[in-house]
>>> print(open('structure.cif').read())   # mmCIF, C-alpha atoms (C1' of nucleotides)
data_input
#
loop_
_atom_site.label_atom_id
_atom_site.label_comp_id
_atom_site.auth_asym_id
_atom_site.auth_seq_id
_atom_site.Cartn_x
_atom_site.Cartn_y
_atom_site.Cartn_z
CA MET Z 1 0.92 26.62 -31.48
CA LYS Z 2 2.43 23.17 -31.11
CA ILE Z 3 3.30 21.86 -27.70
CA GLU Z 4 6.79 22.57 -26.43
CA TYR Z 5 8.70 20.22 -24.23
CA THR Z 6 11.46 21.57 -22.02
CA LEU Z 7 13.81 19.32 -20.09
CA PHE Z 8 14.70 20.89 -16.76
CA HIS Z 9 16.60 18.22 -14.96
CA LYS Z 10 17.81 14.71 -15.51
CA ASP Z 11 18.27 12.42 -12.55
CA LYS Z 12 21.94 11.68 -11.89
CA LYS Z 13 21.56 7.95 -11.31
CA THR Z 14 18.78 7.01 -13.71
CA ASN Z 15 17.16 8.20 -16.92
CA ALA Z 16 14.34 9.82 -14.98
CA ARG Z 17 13.69 13.37 -16.13
CA TYR Z 18 11.80 16.38 -14.89
CA GLY Z 19 10.46 18.83 -17.43
CA GLU Z 20 7.41 20.66 -18.65
CA ILE Z 21 5.04 20.69 -21.57
CA LYS Z 22 3.69 24.00 -22.76
CA THR Z 23 0.32 23.79 -24.50
CA ASN Z 24 -2.36 26.17 -25.72
CA TYR Z 25 -4.26 25.33 -22.56
CA GLY Z 26 -1.57 25.79 -19.97
CA THR Z 27 1.80 24.47 -18.96
CA TYR Z 28 2.25 21.15 -17.17
CA GLU Z 29 5.19 19.54 -15.46
CA THR Z 30 6.35 16.07 -16.39
CA PRO Z 31 6.37 13.17 -15.65
CA ILE Z 32 2.61 13.39 -15.87
CA PHE Z 33 -0.27 10.95 -15.62
CA MET Z 34 -3.17 11.58 -18.00
CA PRO Z 35 -6.68 10.38 -17.07
CA VAL Z 36 -8.52 8.65 -19.88
CA GLY Z 37 -11.87 9.90 -21.10
CA THR Z 38 -12.56 7.62 -24.02
CA GLN Z 39 -16.04 8.80 -24.90
CA ALA Z 40 -15.40 12.49 -24.27
CA THR Z 41 -15.75 12.04 -20.52
CA VAL Z 42 -13.60 10.61 -17.81
CA LYS Z 43 -16.14 8.03 -16.76
CA THR Z 44 -18.35 9.16 -13.85
CA LEU Z 45 -16.48 12.46 -13.36
CA SER Z 46 -17.07 16.06 -14.33
CA PRO Z 47 -14.37 18.30 -15.84
CA GLU Z 48 -14.46 20.35 -12.65
CA GLU Z 49 -13.56 17.29 -10.61
CA ILE Z 50 -10.75 16.49 -13.02
CA LYS Z 51 -9.34 19.96 -12.52
CA GLN Z 52 -9.69 19.75 -8.75
CA MET Z 53 -7.40 16.74 -8.64
CA HIS Z 54 -4.79 18.77 -10.52
CA ALA Z 55 -4.87 16.68 -13.63
CA GLY Z 56 -3.09 18.13 -16.63
CA ILE Z 57 -3.78 16.53 -19.97
CA ILE Z 58 -6.69 14.17 -20.47
CA LEU Z 59 -7.22 11.63 -23.22
CA SER Z 60 -10.04 11.04 -25.58
CA ASN Z 61 -10.51 8.72 -28.46
CA THR Z 62 -10.74 8.97 -32.21
CA TYR Z 63 -12.37 5.62 -32.73
CA HIS Z 64 -15.13 6.08 -30.18
CA LEU Z 65 -15.96 9.67 -31.08
CA TRP Z 66 -15.89 8.88 -34.77
CA LEU Z 67 -18.56 6.21 -34.25
CA ARG Z 68 -20.51 8.31 -31.78
CA PRO Z 69 -21.44 11.15 -31.91
CA GLY Z 70 -19.31 11.66 -35.05
CA ALA Z 71 -16.40 14.01 -35.69
CA ASP Z 72 -18.54 16.54 -37.54
CA ILE Z 73 -20.82 17.05 -34.57
CA VAL Z 74 -17.86 17.69 -32.29
CA LYS Z 75 -16.54 20.11 -34.86
CA LYS Z 76 -19.87 21.92 -35.03
CA ALA Z 77 -19.81 22.17 -31.25
CA GLY Z 78 -16.58 24.10 -31.60
CA GLY Z 79 -14.15 21.25 -30.96
CA LEU Z 80 -13.68 18.87 -28.10
CA HIS Z 81 -12.77 21.48 -25.49
CA LYS Z 82 -16.01 23.35 -25.99
CA PHE Z 83 -18.06 20.23 -26.52
CA ILE Z 84 -17.06 18.77 -23.16
CA ASN Z 85 -16.41 22.05 -21.33
CA TYR Z 86 -12.79 21.30 -20.48
CA ASP Z 87 -10.21 24.05 -20.80
CA GLY Z 88 -7.15 21.89 -20.22
CA PRO Z 89 -5.17 20.12 -22.94
CA ILE Z 90 -6.60 17.02 -24.60
CA LEU Z 91 -4.78 14.21 -26.35
CA THR Z 92 -6.62 11.96 -28.76
CA ASP Z 93 -5.63 8.40 -29.41
CA SER Z 94 -5.67 7.49 -33.09
CA GLY Z 95 -7.95 4.49 -32.99
CA GLY Z 96 -5.14 2.08 -33.79
CA PHE Z 97 -5.37 0.37 -30.44
CA GLN Z 98 -9.17 0.12 -30.50
CA VAL Z 99 -9.10 -1.50 -33.90
CA PHE Z 100 -6.78 -4.04 -32.34
CA SER Z 101 -8.61 -4.48 -29.06
CA LEU Z 102 -12.30 -4.35 -29.78
CA ALA Z 103 -13.19 -3.98 -33.42
CA LYS Z 104 -12.80 -7.56 -34.46
CA PRO Z 105 -12.79 -9.09 -36.96
CA LYS Z 106 -10.42 -6.86 -38.86
CA ASP Z 107 -8.65 -6.95 -42.16
CA ILE Z 108 -5.36 -5.07 -42.29
CA SER Z 109 -4.07 -3.92 -45.65
CA GLU Z 110 -1.54 -1.36 -46.79
CA GLU Z 111 -4.29 1.17 -47.26
CA GLY Z 112 -5.79 0.81 -43.79
CA VAL Z 113 -7.92 -1.41 -41.60
CA GLU Z 114 -11.36 -2.71 -42.40
CA PHE Z 115 -13.37 -3.82 -39.40
CA LYS Z 116 -16.80 -3.92 -37.86
CA SER Z 117 -18.19 -1.38 -35.45
CA HIS Z 118 -18.50 -2.79 -31.95
CA ILE Z 119 -21.70 -0.79 -31.58
CA ASN Z 120 -23.80 -1.89 -34.51
CA GLY Z 121 -21.62 -4.06 -36.73
CA ASP Z 122 -21.29 -1.45 -39.46
CA LYS Z 123 -18.47 -2.09 -41.87
CA LEU Z 124 -15.83 0.60 -41.31
CA PHE Z 125 -12.54 1.51 -42.90
CA LEU Z 126 -9.94 3.50 -41.02
CA THR Z 127 -6.79 4.81 -42.66
CA PRO Z 128 -3.95 7.03 -41.45
CA GLU Z 129 -5.43 9.95 -43.38
CA LYS Z 130 -8.91 9.34 -42.01
CA SER Z 131 -7.66 9.14 -38.45
CA ILE Z 132 -5.79 12.42 -38.79
CA GLU Z 133 -8.80 14.06 -40.42
CA ILE Z 134 -11.00 12.99 -37.53
CA GLN Z 135 -8.49 14.16 -34.94
CA ASN Z 136 -8.25 17.49 -36.73
CA LYS Z 137 -11.99 17.88 -36.50
CA LEU Z 138 -11.95 16.94 -32.84
CA ASP Z 139 -9.37 19.68 -32.44
CA SER Z 140 -7.35 17.98 -29.72
CA ASP Z 141 -4.00 19.43 -28.67
CA ILE Z 142 -2.06 16.29 -29.33
CA ALA Z 143 -2.98 13.81 -32.04
CA MET Z 144 -1.51 10.34 -32.33
CA CYS Z 145 -0.37 8.56 -35.46
CA PHE Z 146 -2.53 5.71 -36.66
CA ASP Z 147 -0.50 2.60 -35.94
CA GLU Z 148 -0.90 -1.15 -35.85
CA CYS Z 149 -0.75 -2.59 -32.36
CA PRO Z 150 -0.15 -6.31 -32.86
CA PRO Z 151 -1.17 -8.76 -30.17
CA TYR Z 152 1.37 -10.50 -27.94
CA PRO Z 153 3.14 -12.66 -28.76
CA VAL Z 154 3.71 -12.49 -32.48
CA THR Z 155 6.57 -13.81 -34.62
CA HIS Z 156 9.56 -11.65 -35.44
CA GLU Z 157 8.63 -11.97 -39.09
CA TYR Z 158 5.11 -10.65 -38.53
CA MET Z 159 6.28 -7.90 -36.22
CA GLN Z 160 8.85 -6.72 -38.74
CA LYS Z 161 6.22 -6.39 -41.45
CA SER Z 162 3.92 -4.66 -39.03
CA VAL Z 163 6.60 -2.21 -37.90
CA GLU Z 164 7.46 -1.35 -41.49
CA ARG Z 165 3.82 -0.73 -42.28
CA THR Z 166 3.36 1.39 -39.17
CA ILE Z 167 6.31 3.51 -40.29
CA ARG Z 168 4.77 3.98 -43.73
CA TRP Z 169 1.50 4.89 -42.03
CA ALA Z 170 3.38 7.36 -39.81
CA LYS Z 171 4.69 9.11 -42.91
CA ARG Z 172 1.18 9.32 -44.30
CA CYS Z 173 -0.10 10.69 -40.99
CA LYS Z 174 2.54 13.38 -41.00
CA GLU Z 175 1.75 14.17 -44.61
CA ALA Z 176 -1.98 14.43 -43.92
CA HIS Z 177 -1.55 16.51 -40.82
CA LYS Z 178 -1.87 20.22 -41.58
CA ASN Z 179 -3.12 21.72 -38.32
CA SER Z 180 -0.48 24.04 -36.88
CA ASN Z 181 -2.39 24.26 -33.59
CA GLN Z 182 -2.26 20.53 -33.04
CA SER Z 183 0.82 18.48 -32.27
CA LEU Z 184 1.38 15.03 -33.69
CA PHE Z 185 3.14 12.17 -31.91
CA GLY Z 186 4.77 9.18 -33.59
CA ILE Z 187 4.47 5.71 -32.11
CA VAL Z 188 7.29 3.21 -31.71
CA GLN Z 189 6.28 -0.43 -32.09
CA GLY Z 190 8.36 -3.60 -32.37
CA GLY Z 191 7.08 -5.82 -29.61
CA GLU Z 192 9.71 -7.49 -27.47
CA PHE Z 193 12.32 -7.50 -30.24
CA ALA Z 194 15.27 -5.22 -29.57
CA ASP Z 195 16.25 -4.83 -33.22
CA LEU Z 196 12.71 -3.93 -34.27
CA ARG Z 197 12.26 -1.44 -31.43
CA LYS Z 198 15.51 0.21 -32.52
CA TYR Z 199 14.49 0.23 -36.16
CA SER Z 200 11.01 1.51 -35.37
CA ALA Z 201 12.36 4.24 -33.10
CA GLU Z 202 15.02 5.44 -35.52
CA GLU Z 203 12.71 5.49 -38.52
CA THR Z 204 9.93 7.22 -36.60
CA VAL Z 205 12.32 9.87 -35.30
CA LYS Z 206 13.52 10.51 -38.86
CA ILE Z 207 10.01 11.52 -39.81
CA ASP Z 208 10.22 14.15 -37.09
CA PHE Z 209 7.23 14.37 -34.77
CA ASP Z 210 6.35 16.71 -31.91
CA GLY Z 211 6.74 13.87 -29.44
CA TYR Z 212 7.19 10.13 -29.37
CA SER Z 213 5.32 7.36 -27.74
CA ILE Z 214 6.04 3.74 -27.06
CA GLY Z 215 3.15 1.52 -28.01
CA GLY Z 216 2.50 -2.18 -28.01
CA THR Z 217 3.04 -2.50 -24.27
CA SER Z 218 0.59 -3.78 -21.69
CA VAL Z 219 -0.97 -6.13 -24.21
CA GLY Z 220 -0.46 -9.30 -22.20
CA GLU Z 221 3.32 -9.55 -21.85
CA ASP Z 222 4.93 -9.97 -18.44
CA LYS Z 223 6.33 -6.97 -16.66
CA ASN Z 224 9.99 -7.64 -17.30
CA THR Z 225 9.29 -7.95 -21.00
CA MET Z 226 7.46 -4.66 -20.89
CA TYR Z 227 10.35 -2.92 -19.15
CA LYS Z 228 12.72 -4.30 -21.77
CA MET Z 229 10.47 -2.97 -24.53
CA ILE Z 230 10.88 0.49 -23.02
CA ASP Z 231 14.63 0.11 -22.69
CA TYR Z 232 14.96 -1.03 -26.31
CA ALA Z 233 13.08 2.00 -27.62
CA VAL Z 234 13.75 4.94 -25.37
CA LYS Z 235 17.47 5.21 -26.03
CA TYR Z 236 16.81 6.12 -29.66
CA LEU Z 237 14.40 8.92 -28.83
CA PRO Z 238 15.62 12.53 -28.79
CA SER Z 239 15.91 14.07 -25.35
CA ASN Z 240 14.33 17.35 -26.41
CA LYS Z 241 10.92 15.82 -27.13
CA ALA Z 242 8.31 14.37 -24.81
CA ARG Z 243 8.12 10.60 -24.46
CA TYR Z 244 4.84 8.91 -23.83
CA LEU Z 245 4.33 5.32 -22.69
CA MET Z 246 0.89 4.34 -23.88
CA GLY Z 247 -1.60 2.54 -21.72
CA VAL Z 248 0.52 2.15 -18.63
CA GLY Z 249 -0.78 3.12 -15.25
CA GLU Z 250 0.06 0.72 -12.45
CA PRO Z 251 2.03 2.66 -9.84
CA THR Z 252 4.86 0.15 -10.12
CA ASP Z 253 4.99 0.48 -13.89
CA ILE Z 254 4.89 4.27 -13.75
CA LEU Z 255 7.94 4.23 -11.50
CA GLU Z 256 9.73 1.80 -13.80
CA GLY Z 257 8.80 3.92 -16.79
CA VAL Z 258 9.96 7.15 -15.22
CA GLU Z 259 13.24 5.51 -14.27
CA ARG Z 260 13.74 4.69 -17.94
CA GLY Z 261 13.02 8.22 -19.14
CA ILE Z 262 9.27 8.36 -19.79
CA ASP Z 263 7.43 11.69 -19.39
CA MET Z 264 3.79 10.86 -20.05
CA PHE Z 265 1.50 8.01 -19.04
CA ASP Z 266 -2.16 7.27 -19.56
CA CYS Z 267 -4.25 4.40 -18.36
CA VAL Z 268 -7.83 3.31 -17.92
CA LEU Z 269 -6.87 1.34 -14.85
CA PRO Z 270 -7.61 3.90 -12.11
CA THR Z 271 -11.13 4.52 -13.36
CA ARG Z 272 -11.87 0.95 -14.41
CA LEU Z 273 -10.64 -0.44 -11.11
CA ALA Z 274 -12.71 2.17 -9.33
CA ARG Z 275 -15.89 1.03 -11.05
CA HIS Z 276 -15.16 -2.47 -9.80
CA GLY Z 277 -14.45 -1.34 -6.25
CA HIS Z 278 -10.65 -1.49 -6.23
CA ALA Z 279 -8.59 1.36 -4.81
CA PHE Z 280 -4.91 2.26 -4.79
CA THR Z 281 -3.35 2.87 -1.39
CA ARG Z 282 0.19 3.41 -0.17
CA MET Z 283 0.13 -0.16 1.07
CA GLY Z 284 -1.00 -1.56 -2.27
CA LYS Z 285 -4.22 -2.15 -4.11
CA ILE Z 286 -7.26 -3.04 -2.03
CA ASN Z 287 -10.64 -4.47 -2.93
CA LEU Z 288 -13.25 -2.42 -1.13
CA LYS Z 289 -15.83 -5.13 -1.75
CA ASN Z 290 -14.01 -7.36 0.72
CA ALA Z 291 -16.11 -8.14 3.78
CA LYS Z 292 -13.35 -6.91 6.08
CA TYR Z 293 -14.21 -3.32 5.19
CA LYS Z 294 -17.85 -3.59 6.29
CA GLU Z 295 -17.15 -1.76 9.52
CA ASP Z 296 -14.00 0.11 8.56
CA PHE Z 297 -14.81 3.75 9.18
CA SER Z 298 -11.44 5.09 8.11
CA PRO Z 299 -10.71 6.68 4.70
CA ILE Z 300 -9.31 4.64 1.80
CA ASP Z 301 -5.87 6.10 2.45
CA ASN Z 302 -5.04 8.20 5.49
CA SER Z 303 -2.34 10.13 3.68
CA CYS Z 304 -4.53 11.04 0.70
CA ASP Z 305 -5.80 14.58 0.15
CA CYS Z 306 -8.56 13.70 -2.31
CA TYR Z 307 -12.22 14.58 -1.90
CA ALA Z 308 -13.18 10.98 -1.18
CA CYS Z 309 -10.58 10.45 1.51
CA GLN Z 310 -11.32 13.81 3.13
CA ASN Z 311 -15.01 13.09 3.45
CA TYR Z 312 -15.91 9.41 3.25
CA THR Z 313 -15.12 6.06 4.87
CA LYS Z 314 -14.31 2.66 3.43
CA ALA Z 315 -17.46 1.24 5.01
CA TYR Z 316 -19.65 3.79 3.24
CA ILE Z 317 -17.91 3.47 -0.12
CA ARG Z 318 -18.03 -0.32 0.16
CA HIS Z 319 -21.77 -0.09 0.76
CA LEU Z 320 -22.19 2.10 -2.32
CA ILE Z 321 -20.18 -0.26 -4.50
CA VAL Z 322 -21.98 -3.36 -3.26
CA ALA Z 323 -25.31 -1.59 -3.80
CA LYS Z 324 -24.11 -0.61 -7.29
CA GLU Z 325 -24.58 3.09 -6.59
CA THR Z 326 -22.66 5.28 -9.02
CA PHE Z 327 -21.56 7.65 -6.28
CA GLY Z 328 -19.27 4.89 -5.04
CA GLN Z 329 -17.71 4.55 -8.49
CA ARG Z 330 -17.19 8.31 -8.56
CA LEU Z 331 -15.57 8.48 -5.16
CA ILE Z 332 -13.06 5.74 -5.94
CA SER Z 333 -12.40 7.20 -9.41
CA ILE Z 334 -11.58 10.51 -7.78
CA HIS Z 335 -9.32 8.80 -5.29
CA ASN Z 336 -7.51 6.54 -7.77
CA LEU Z 337 -6.83 9.36 -10.20
CA ARG Z 338 -5.67 11.68 -7.47
CA PHE Z 339 -3.46 8.88 -6.16
CA LEU Z 340 -1.61 8.57 -9.47
CA ILE Z 341 -1.43 12.32 -9.99
CA LYS Z 342 0.00 12.78 -6.51
CA LEU Z 343 2.43 9.96 -7.24
CA THR Z 344 3.74 11.89 -10.24
CA GLU Z 345 3.92 15.10 -8.19
CA GLU Z 346 6.12 13.33 -5.67
CA ILE Z 347 8.17 11.74 -8.45
CA ARG Z 348 8.87 15.15 -9.97
CA GLN Z 349 9.94 16.53 -6.64
CA ALA Z 350 12.22 13.56 -6.09
CA ILE Z 351 13.86 13.93 -9.51
CA LYS Z 352 14.42 17.62 -8.90
CA GLU Z 353 16.23 16.72 -5.72
CA ASP Z 354 18.17 13.85 -7.29
CA ARG Z 355 16.64 11.23 -5.04
CA PHE Z 356 14.39 9.40 -7.46
CA LEU Z 357 15.77 5.93 -6.73
CA GLU Z 358 15.40 6.47 -3.03
CA TYR Z 359 11.82 7.59 -3.51
CA LYS Z 360 11.06 4.61 -5.71
CA THR Z 361 12.55 2.16 -3.24
CA ASN Z 362 10.63 3.71 -0.38
CA PHE Z 363 7.39 3.64 -2.29
CA LEU Z 364 7.75 0.05 -3.46
CA ASP Z 365 8.76 -1.01 0.03
CA LYS Z 366 5.30 -0.24 1.31
CA TYR Z 367 3.30 -0.80 -1.83
CA ARG Z 368 1.82 -4.29 -2.12
"C1'" G Q 1 -62.70 -30.44 11.80
"C1'" C Q 2 -62.49 -32.51 6.79
"C1'" G Q 3 -60.24 -32.91 1.73
"C1'" G Q 4 -55.98 -31.89 -1.33
"C1'" A Q 5 -50.96 -30.20 -2.43
"C1'" U Q 6 -45.94 -29.12 -1.25
"C1'" A Q 7 -41.52 -29.69 1.82
"C1'" U Q 8 -34.04 -29.64 -1.87
"C1'" G Q 9 -28.09 -24.43 0.38
"C1'" G Q 10 -29.27 -17.34 2.44
"C1'" U Q 11 -33.28 -16.93 -1.76
"C1'" G Q 12 -35.79 -18.85 -6.23
"C1'" A Q 13 -35.68 -23.35 -8.25
"C1'" A Q 14 -34.01 -28.29 -11.47
"C1'" G Q 15 -33.29 -33.40 -10.65
"C1'" U Q 16 -32.34 -38.88 -9.96
"C1'" G Q 17 -33.52 -45.99 -6.73
"C1'" G Q 18 -26.67 -46.20 -7.17
"C1'" U Q 19 -19.78 -42.33 -9.22
"C1'" U Q 20 -18.84 -35.03 -8.03
"C1'" A Q 21 -27.47 -32.85 -6.25
"C1'" A Q 22 -28.20 -28.63 -12.41
"C1'" C Q 23 -28.90 -23.44 -12.94
"C1'" A Q 24 -29.82 -18.33 -11.31
"C1'" C Q 25 -29.50 -14.57 -7.58
"C1'" A Q 26 -27.09 -13.45 -3.05
"C1'" U Q 27 -22.50 -14.27 -0.46
"C1'" U Q 28 -16.98 -14.91 -0.39
"C1'" G Q 29 -12.33 -14.46 -3.05
"C1'" G Q 30 -9.62 -13.20 -7.57
"C1'" A Q 31 -8.81 -10.75 -12.48
"C1'" U Q 32 -8.73 -6.03 -15.19
"C1'" U Q 33 -2.64 -1.49 -18.13
"C1'" G Q 34 -3.64 3.69 -25.74
"C1'" U Q 35 -11.84 1.72 -21.29
"C1'" G Q 36 -17.43 -2.61 -25.29
"C1'" G Q 37 -19.17 1.27 -17.16
"C1'" U Q 38 -23.93 -3.56 -16.18
"C1'" U Q 39 -17.38 -7.81 -17.70
"C1'" C Q 40 -14.63 -12.40 -16.72
"C1'" C Q 41 -12.86 -16.52 -13.42
"C1'" A Q 42 -13.31 -19.34 -8.97
"C1'" A Q 43 -15.45 -21.02 -4.20
"C1'" C Q 44 -19.94 -22.10 -1.85
"C1'" A Q 45 -25.74 -28.19 0.11
"C1'" U Q 46 -21.00 -34.84 3.49
"C1'" G Q 47 -26.72 -33.40 2.20
"C1'" C Q 48 -32.56 -32.89 -0.24
"C1'" G Q 49 -38.48 -30.96 6.71
"C1'" U Q 50 -38.26 -34.81 11.30
"C1'" G Q 51 -38.55 -39.98 12.72
"C1'" G Q 52 -39.24 -44.84 11.14
"C1'" G Q 53 -39.65 -48.67 7.19
"C1'" U Q 54 -38.69 -51.27 2.22
"C1'" U Q 55 -33.95 -52.17 -0.43
"C1'" C Q 56 -27.40 -54.54 -1.43
"C1'" G Q 57 -28.21 -49.10 -1.70
"C1'" A Q 58 -33.02 -43.74 -0.73
"C1'" U Q 59 -32.96 -37.04 -1.43
"C1'" U Q 60 -35.80 -40.19 -4.92
"C1'" C Q 61 -40.57 -45.67 -2.86
"C1'" C Q 62 -43.93 -46.53 1.78
"C1'" C Q 63 -45.82 -44.88 6.79
"C1'" A Q 64 -46.23 -41.43 10.79
"C1'" C Q 65 -45.29 -36.69 12.59
"C1'" U Q 66 -44.39 -31.45 11.87
"C1'" A Q 67 -44.73 -27.03 8.90
"C1'" U Q 68 -46.71 -24.22 4.92
"C1'" C Q 69 -50.34 -23.31 1.07
"C1'" C Q 70 -55.24 -24.09 -1.29
"C1'" G Q 71 -60.30 -25.59 -0.87
"C1'" U Q 72 -64.33 -26.49 2.45
"C1'" C Q 73 -67.42 -26.25 7.06
#
>>> encode(input="structure.cif", output="structure tokens")
Amino acid sequence: MKIEYTLFHKDKKTNARYGEIKTNYGTYETPIFMPVGTQATVKTLSPEEIKQMHAGIILSNTYHLWLRPGADIVKKAGGLHKFINYDGPILTDSGGFQVFSLAKPKDISEEGVEFKSHINGDKLFLTPEKSIEIQNKLDSDIAMCFDECPPYPVTHEYMQKSVERTIRWAKRCKEAHKNSNQSLFGIVQGGEFADLRKYSAEETVKIDFDGYSIGGTSVGEDKNTMYKMIDYAVKYLPSNKARYLMGVGEPTDILEGVERGIDMFDCVLPTRLARHGHAFTRMGKINLKNAKYKEDFSPIDNSCDCYACQNYTKAYIRHLIVAKETFGQRLISIHNLRFLIKLTEEIRQAIKEDRFLEYKTNFLDKYR
RNA sequence: GCGGAUAUGGUGAAGUGGUUAACACAUUGGAUUGUGGUUCCAACAUGCGUGGGUUCGAUUCCCACUAUCCGUC
């Protein structure tokens, strides 16, 4: 079956909403944060550890899995869930963002995008139909439309052409998508332009997808611009479908997104920061490599219930990171992901009790 | 004991008779938002073993001393 979104409660003072998403692999409350596992693994972590931190949906990636090991191999394995031994829901990104972010140089035409593999330089051609075909083979629960994610900033003229093309591609994605067990999300683009966000949202909604996401954020714009991009788009999205803000994962931005009516977030930040020794705490982000933690035998965050905080000290984790031991990367990854997941748990509770703004203010008061 | 060589920041190591003494590692900060896990940026020797001398000026030339290394007895 397709996923089903149910809205339970809307905050009285803001657009924040509490709901749930029913999937073939369980039901999950929203707002939700989704860990990213680009290459069919959340870097450094096992599926068991992902489950232990009460994660719901995880992400994987069309582009990366297409190049390696190849969609057919995943299909032969019995689909992504079996291949990676994860029995929770999986969302696959379409490859649109990767084409933009790492497969340069690229040549965008109406048919699709020609670019070079970042692995071996192979000439590749990705189209909406191809992306959907790959995602079908991967057998994820939620597939994303193949879109163009233009850099920031770009002229209104360019963005308009890009948005129109992304809408035509969205139609082709919908047309190519036949899998009744897989949901398909449309993506709203339009950069920082209010009129284009509106146009993109309205046209994408007309095509009728199982959920909608806001793309083209966190590509270098400042935070206020990003919040405006959300505002411009979200008001044209139907309230009975899930809304997904792509690539956003700073605690501050999650709160701002939730306030504006976003249900789903994903971000590489918690795991990437972890690999570089940075950890989220209630008081803000800290750099565990800092010399001041050499003899700090307290956990990363006293109030955290994660495996790392229950068992290990800053001094030890700092040593592991400085010594480039992967166990350190794992411990902080576990902590950072759990931190964001717990944040969304608390957000949901706050929305239920109509005190989201109060919660947000309290959180931001201490954070940073 | 004799002969020879070398002495540059935490480490390895460039370099020059004259403005800011390369670079790398380490260290210390910072960055990172639909992940190219090993990335990027920045700071870091007021001084070139010690003491004299030559020179307008010496880390660079000369002398002594000290230390280290090699050879030799």
>>> atom_distance(input="structure.cif", atom1="CA of Ala143 in chain Z", atom2="CA of Phe280 in chain Z")
29.7 Å
>>> residues_around(input="structure.cif", residues="Ile300 in chain Z", least_positions_apart="3", cutoff="9 Å", atoms="all atoms listed in the file", output="JSON list (two decimals) with C-alpha atoms, in the coordinates of the input")
[["chain", "number", "residue", "atom", "x", "y", "z"],
["Z", 279, "ALA", "CA", -8.59, 1.36, -4.81],
["Z", 280, "PHE", "CA", -4.91, 2.26, -4.79],
["Z", 281, "THR", "CA", -3.35, 2.87, -1.39],
["Z", 286, "ILE", "CA", -7.26, -3.04, -2.03],
["Z", 288, "LEU", "CA", -13.25, -2.42, -1.13],
["Z", 304, "CYS", "CA", -4.53, 11.04, 0.70],
["Z", 308, "ALA", "CA", -13.18, 10.98, -1.18],
["Z", 309, "CYS", "CA", -10.58, 10.45, 1.51],
["Z", 312, "TYR", "CA", -15.91, 9.41, 3.25],
["Z", 313, "THR", "CA", -15.12, 6.06, 4.87],
["Z", 314, "LYS", "CA", -14.31, 2.66, 3.43],
["Z", 317, "ILE", "CA", -17.91, 3.47, -0.12],
["Z", 332, "ILE", "CA", -13.06, 5.74, -5.94],
["Z", 335, "HIS", "CA", -9.32, 8.80, -5.29]]
>>> interface_residues(input="structure.cif", of="chain Q", to="chain Z", cutoff="10 Å", atoms="only C-alpha atoms (C1' of nucleotides)", output="list in words")
U27, U28, G29, G30, U32, U33, G34, U35, G36, G37, U38 and U39 of chain Q
>>> atom_distance(input="structure.cif", atom1="C1' of A22 in chain Q", atom2="C1' of U59 in chain Q")
14.6 Å
>>> atom_distance(input="structure.cif", atom1="CA of Pro251 in chain Z", atom2="CA of Leu364 in chain Z")
9.0 Å
>>> closest_residue(input="structure.cif", among="Z:Phe100, Z:Pro89, Z:Ile134, Z:Gly19", to="Gly70 in chain Z", atoms="only C-alpha atoms")
Z:Ile134
>>> residues_near_point(input="structure.cif", point="(15.3, 12.1, -11.1)", cutoff="8 Å", atoms="all atoms listed in the file", output="list in words")
His9, Lys10, Asp11, Lys12, Lys13, Thr14, Asn15, Ala16, Arg17, Tyr18, Glu259, Ile347, Arg348, Ala350, Ile351, Lys352, Glu353, Asp354, Arg355, Phe356 and Leu357 of chain Z
>>> closest_residue(input="structure.cif", among="Z:Gly26, Z:Pro105, Z:Gly328, Z:Gly190", to="Glu164 in chain Z", atoms="all atoms listed in the file")
Z:Gly190
>>> resolve_selection(input="structure.cif", expression="the PyMOL selection byres ((chain Q and resi 24) around 9)", output="JSON, numbers by chain")
{"Q": [12, 13, 23, 25]}
>>> resolve_selection(input="structure.cif", expression="the PyMOL selection byres ((chain Z and resi 262) around 7)", output="ChimeraX atom specification")
/Z:31,243-245,257-258,260-261,263-264
>>> resolve_selection(input="structure.cif", expression="the PyMOL selection byres ((chain Z and resi 365-368) around 8)", output="list in words")
Thr281, Arg282, Met283, Gly284, Lys285, Thr361, Asn362, Phe363 and Leu364 of chain Z
>>> residues_around(input="structure.cif", residues="A7 in chain Q", least_positions_apart="6", cutoff="10 Å", atoms="all atoms listed in the file", output="mmCIF file with C-alpha atoms (C1' of nucleotides), in the frame of the given file")
data_model
loop_
_atom_site.group_PDB
_atom_site.id
_atom_site.type_symbol
_atom_site.label_atom_id
_atom_site.label_comp_id
_atom_site.auth_asym_id
_atom_site.auth_seq_id
_atom_site.Cartn_x
_atom_site.Cartn_y
_atom_site.Cartn_z
ATOM 1 C "C1'" C Q 48 -32.560 -32.890 -0.240
ATOM 2 C "C1'" G Q 49 -38.480 -30.960 6.710
ATOM 3 C "C1'" A Q 67 -44.730 -27.030 8.900
ATOM 4 C "C1'" U Q 68 -46.710 -24.220 4.920
#
>>> residues_around(input="structure.cif", residues="Lys75 in chain Z", least_positions_apart="4", cutoff="8 Å", atoms="only C-alpha atoms (C1' of nucleotides)", output="PDB file with C-alpha atoms, in the coordinates of the input")
ATOM      1  CA  ALA Z  71     -16.400  14.010 -35.690  1.00  0.00           C
ATOM      2  CA  GLY Z  79     -14.150  21.250 -30.960  1.00  0.00           C
ATOM      3  CA  LEU Z  80     -13.680  18.870 -28.100  1.00  0.00           C
ATOM      4  CA  LYS Z 137     -11.990  17.880 -36.500  1.00  0.00           C
ATOM      5  CA  LEU Z 138     -11.950  16.940 -32.840  1.00  0.00           C
ATOM      6  CA  ASP Z 139      -9.370  19.680 -32.440  1.00  0.00           C
TER       7      ASP Z 139
END
